[in-house]
Amino acid sequence: MAISSQNILRYGAHASAWVGLFLIYALVFRSFYAWEIVIPRTAVNILPLALLFYGNGWWLDFCWKRRRVGLYILGAFVIFFAIALLRVRLNLLFPDVRQDWRPIDASTSYQIGAFLSNAAILAASAFFQLWYRQQEREKQQQAFLTEQQSAQLQFLKAQINPHFLFNTLNNIYALAVLGSEKTPEMIQKLSELLRYVIYESQADRVSLEKEIGQVQRFIELFQMRSETPLPIHFEVKGEVRGRDIEPMVLIPLVENCLKHCDFDTNTAAFIDIRVHAGEEFLVMETHNSTNSGDVQKDHTGGVGLENIRKRLELKFPENYELRTGEKEGQFHVYLSIPYAT
């Protein structure tokens, strides 16, 4: 199994800490012993301390998962005193240092040293284990939030897509009932849109050029329901090639225009859609005439704009702009989003 770079850094930090502690002990013992005694005596101190550090960490983790605080304290005392006794016994096997600077006997001196150093290592072990568990918990929470956000984004897309397809199928059905020659062409265009919606729009990002192509295809599908061309103006400025965006954002805005424009009741009805590909942000503005008294359309699946707002808030928190407004029989939408990276 491959070792992640994060684990390599963690193992390296542990190894460096123990090597540093080994050198400190070795330098202290070097004041009294030759190197042939310094190395083994340092080892018999460092190895039990390492056992204390990792043994206590494992025991703390074991008891923490079972909410057994009392059991941990009891076990920690046992480990603490067992390691202290082991170190004292091992240190007594080596020649004693000169007595002129030490007011107490060797055994008592070793006991005090073992207790103090054990206490420091035990505290460091507990602190490290608790810190490590906190880091792991935060990573798990972040992974959960990311997964939840991804699932929510997919859910919001799934809300938009059937609505969009439902309206298009209604148009095709109306033409089929009338026996229109446009029906086969509309079915072909719809199949291309279906391929885009079902497969490509499920990705994290799509080509801006491709999304604009689908917008044009969608407008063409809508135009084909009318015997005469409808006053729908669609304009694109800026460089669209080589740029990616969040999928299925532009199409629902266009659908919103087509859905709420009052072509059926207003001879002066119009739709104006403008897309500007800037250096860092994509801007889309739509204007359409509307009949504010006709609320029937809003009762059948009008999730478009609010749905898009939720998606953008999840994807680009505080880094997008979506404004809507209605004035004097016209509805306006302004969208600014960063390109996908």
# chains A, B, ... in the order shown; residues from 1 in each chain; ligands from 1
$ residues_around --residues "segment 166-178 of chain A" --least-positions-apart "4" --cutoff "8 Å" --atoms "only C-alpha atoms" --output "list in words"
Pro162, Lys182, Thr183, Met186, Ile187, Leu190, Leu221, Phe222 and Arg225 of chain A
$ select_by_dssp --residues "segment 154-286 of chain A" --states "strand (DSSP E)" --output "PyMOL selection string"
chain A and resi 206-207+232-238+244-245+271-277+281-286
$ write_last_selection --atoms "N, CA and C atoms" --output "PDB file, in the first residue's frame"
ATOM      1  N   VAL A 206     -17.680  21.931 -17.568  1.00  0.00           N
ATOM      2  CA  VAL A 206     -17.851  21.660 -18.996  1.00  0.00           C
ATOM      3  C   VAL A 206     -17.247  22.819 -19.779  1.00  0.00           C
ATOM      4  N   SER A 207     -17.009  22.565 -21.039  1.00  0.00           N
ATOM      5  CA  SER A 207     -16.474  23.600 -21.916  1.00  0.00           C
ATOM      6  C   SER A 207     -17.510  24.706 -22.097  1.00  0.00           C
ATOM      7  N   ILE A 232     -36.109  36.584 -30.612  1.00  0.00           N
ATOM      8  CA  ILE A 232     -35.170  36.141 -29.577  1.00  0.00           C
ATOM      9  C   ILE A 232     -33.770  36.507 -30.047  1.00  0.00           C
ATOM     10  N   HIS A 233     -33.123  37.389 -29.307  1.00  0.00           N
ATOM     11  CA  HIS A 233     -31.768  37.831 -29.646  1.00  0.00           C
ATOM     12  C   HIS A 233     -30.765  37.175 -28.695  1.00  0.00           C
ATOM     13  N   PHE A 234     -29.778  36.493 -29.275  1.00  0.00           N
ATOM     14  CA  PHE A 234     -28.739  35.825 -28.481  1.00  0.00           C
ATOM     15  C   PHE A 234     -27.382  36.279 -28.988  1.00  0.00           C
ATOM     16  N   GLU A 235     -26.587  36.850 -28.090  1.00  0.00           N
ATOM     17  CA  GLU A 235     -25.298  37.434 -28.482  1.00  0.00           C
ATOM     18  C   GLU A 235     -24.196  36.974 -27.522  1.00  0.00           C
ATOM     19  N   VAL A 236     -23.045  36.621 -28.091  1.00  0.00           N
ATOM     20  CA  VAL A 236     -21.900  36.175 -27.294  1.00  0.00           C
ATOM     21  C   VAL A 236     -20.695  37.046 -27.636  1.00  0.00           C
ATOM     22  N   LYS A 237     -20.047  37.599 -26.613  1.00  0.00           N
ATOM     23  CA  LYS A 237     -18.844  38.400 -26.804  1.00  0.00           C
ATOM     24  C   LYS A 237     -17.712  37.820 -25.964  1.00  0.00           C
ATOM     25  N   GLY A 238     -16.492  38.031 -26.436  1.00  0.00           N
ATOM     26  CA  GLY A 238     -15.331  37.543 -25.707  1.00  0.00           C
ATOM     27  C   GLY A 238     -14.879  36.181 -26.211  1.00  0.00           C
ATOM     28  N   ASP A 244     -13.675  26.732 -19.072  1.00  0.00           N
ATOM     29  CA  ASP A 244     -14.664  25.807 -18.525  1.00  0.00           C
ATOM     30  C   ASP A 244     -15.535  26.521 -17.499  1.00  0.00           C
ATOM     31  N   ILE A 245     -16.768  26.046 -17.352  1.00  0.00           N
ATOM     32  CA  ILE A 245     -17.691  26.630 -16.378  1.00  0.00           C
ATOM     33  C   ILE A 245     -18.458  25.519 -15.674  1.00  0.00           C
ATOM     34  N   ILE A 271     -37.173  38.575 -26.250  1.00  0.00           N
ATOM     35  CA  ILE A 271     -36.154  38.024 -25.356  1.00  0.00           C
ATOM     36  C   ILE A 271     -34.801  38.512 -25.843  1.00  0.00           C
ATOM     37  N   ASP A 272     -33.992  39.022 -24.920  1.00  0.00           N
ATOM     38  CA  ASP A 272     -32.643  39.481 -25.251  1.00  0.00           C
ATOM     39  C   ASP A 272     -31.660  38.794 -24.293  1.00  0.00           C
ATOM     40  N   ILE A 273     -30.743  38.009 -24.846  1.00  0.00           N
ATOM     41  CA  ILE A 273     -29.788  37.249 -24.038  1.00  0.00           C
ATOM     42  C   ILE A 273     -28.385  37.619 -24.483  1.00  0.00           C
ATOM     43  N   ARG A 274     -27.556  38.059 -23.541  1.00  0.00           N
ATOM     44  CA  ARG A 274     -26.194  38.471 -23.867  1.00  0.00           C
ATOM     45  C   ARG A 274     -25.208  37.769 -22.922  1.00  0.00           C
ATOM     46  N   VAL A 275     -24.179  37.200 -23.524  1.00  0.00           N
ATOM     47  CA  VAL A 275     -23.129  36.513 -22.765  1.00  0.00           C
ATOM     48  C   VAL A 275     -21.808  37.202 -23.054  1.00  0.00           C
ATOM     49  N   HIS A 276     -21.065  37.525 -21.982  1.00  0.00           N
ATOM     50  CA  HIS A 276     -19.757  38.156 -22.152  1.00  0.00           C
ATOM     51  C   HIS A 276     -18.710  37.341 -21.402  1.00  0.00           C
ATOM     52  N   ALA A 277     -17.748  36.801 -22.150  1.00  0.00           N
ATOM     53  CA  ALA A 277     -16.669  36.013 -21.548  1.00  0.00           C
ATOM     54  C   ALA A 277     -15.516  36.950 -21.220  1.00  0.00           C
ATOM     55  N   PHE A 281     -14.272  36.346 -15.180  1.00  0.00           N
ATOM     56  CA  PHE A 281     -15.655  36.002 -14.898  1.00  0.00           C
ATOM     57  C   PHE A 281     -16.466  35.912 -16.185  1.00  0.00           C
ATOM     58  N   LEU A 282     -17.460  35.043 -16.144  1.00  0.00           N
ATOM     59  CA  LEU A 282     -18.432  34.953 -17.224  1.00  0.00           C
ATOM     60  C   LEU A 282     -19.676  35.707 -16.782  1.00  0.00           C
ATOM     61  N   VAL A 283     -20.155  36.606 -17.634  1.00  0.00           N
ATOM     62  CA  VAL A 283     -21.334  37.405 -17.318  1.00  0.00           C
ATOM     63  C   VAL A 283     -22.437  37.079 -18.313  1.00  0.00           C
ATOM     64  N   MET A 284     -23.625  36.838 -17.788  1.00  0.00           N
ATOM     65  CA  MET A 284     -24.790  36.596 -18.639  1.00  0.00           C
ATOM     66  C   MET A 284     -25.928  37.493 -18.172  1.00  0.00           C
ATOM     67  N   GLU A 285     -26.541  38.207 -19.127  1.00  0.00           N
ATOM     68  CA  GLU A 285     -27.684  39.052 -18.823  1.00  0.00           C
ATOM     69  C   GLU A 285     -28.844  38.656 -19.725  1.00  0.00           C
ATOM     70  N   THR A 286     -30.011  38.568 -19.140  1.00  0.00           N
ATOM     71  CA  THR A 286     -31.204  38.251 -19.928  1.00  0.00           C
ATOM     72  C   THR A 286     -32.286  39.283 -19.637  1.00  0.00           C
TER      73      THR A 286
END
$ closest_residue --among "A:Glu181, A:Glu209, A:Glu328, A:Glu200" --to "His287 of chain A" --atoms "only C-alpha atoms"
A:Glu328
$ residues_around --residues "Thr324 of chain A" --least-positions-apart "5" --cutoff "9 Å" --atoms "only C-alpha atoms" --output "tab-separated table (two decimals) with C-alpha atoms, in the first residue's frame"
chain	number	residue	atom	x	y	z
A	305	LEU	CA	-33.58	30.60	-10.51
A	331	PHE	CA	-37.87	40.68	-16.27
A	332	HIS	CA	-34.09	40.99	-15.92
A	333	VAL	CA	-31.46	38.51	-14.75
A	334	TYR	CA	-27.78	39.30	-14.20
A	335	LEU	CA	-25.31	36.47	-13.55
$ select_by_dssp --residues "segment 183-313 of chain A" --states "helix (DSSP H, G or I)" --output "PyMOL selection string"
chain A and resi 183-198+200-202+208-223+250-260+296-299+304-313
